[in-house]
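Undergrad: The structure under discussion is supplied below as structure tokens; questions concerning it will follow.
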Amino acid sequence: MKLNVIKKERRIKMPRIMIPQEHIDDVLNHCADMENSGKTDSPGMSYEQGVKDAILWVTGETNVCPIDKED
């Protein structure tokens, strides 16, 4: 059964991303390498924690890159 859900549009003002594109590319390349190898640098982290940390980093809420985090 398909539900007809009406979603209210919500606009969020996003801060300007201040992370250099080269750093973002390095992180994305590292993630692709880990994905292709079937390994992880963060075995104790859930998917949701990783997404949250990435969003906080990109939006400037934290200066700690998720890939550089020490567990």
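Here's how to read the names in the structure tokens: chain A, B, ... by the order shown, residue numbers from 1 in each chain, ligand numbers from 1 in the order shown.
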Neighbours of range 45-50 of chain A within 12 Å (only C-alpha atoms; same-chain residues fewer than 2 positions away dropped), as a ChimeraX atom specification?

TA: /A:31,40-43,52-57,65-67,69-71

Undergrad: Chain A: which residues are alpha helix (DSSP H) by DSSP, as a list in words?

TA: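 Across chain A, those assigned alpha helix (DSSP H) are Gln21, Glu22, His23, Ile24, Asp25, Asp26, Val27, Leu28, Asn29, His30, Cys31, Ala32, Asp33, Met34, Glu35, Asn36, Ser37, Tyr47, Glu48, Gln49, Gly50, Val51, Lys52, Asp53, Ala54, Ile55, Leu56, Trp57 and Val58 of chain A.
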
Undergrad: Out of A:His30, A:Asn63, A:Asp68, A:Val51, which residue has the shortest atom-to-atom distance to Met18 in chain A when counting only C-alpha atoms?

TA: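 Checking each candidate against Met18 in chain A, we get A:Asn63 as the closest.
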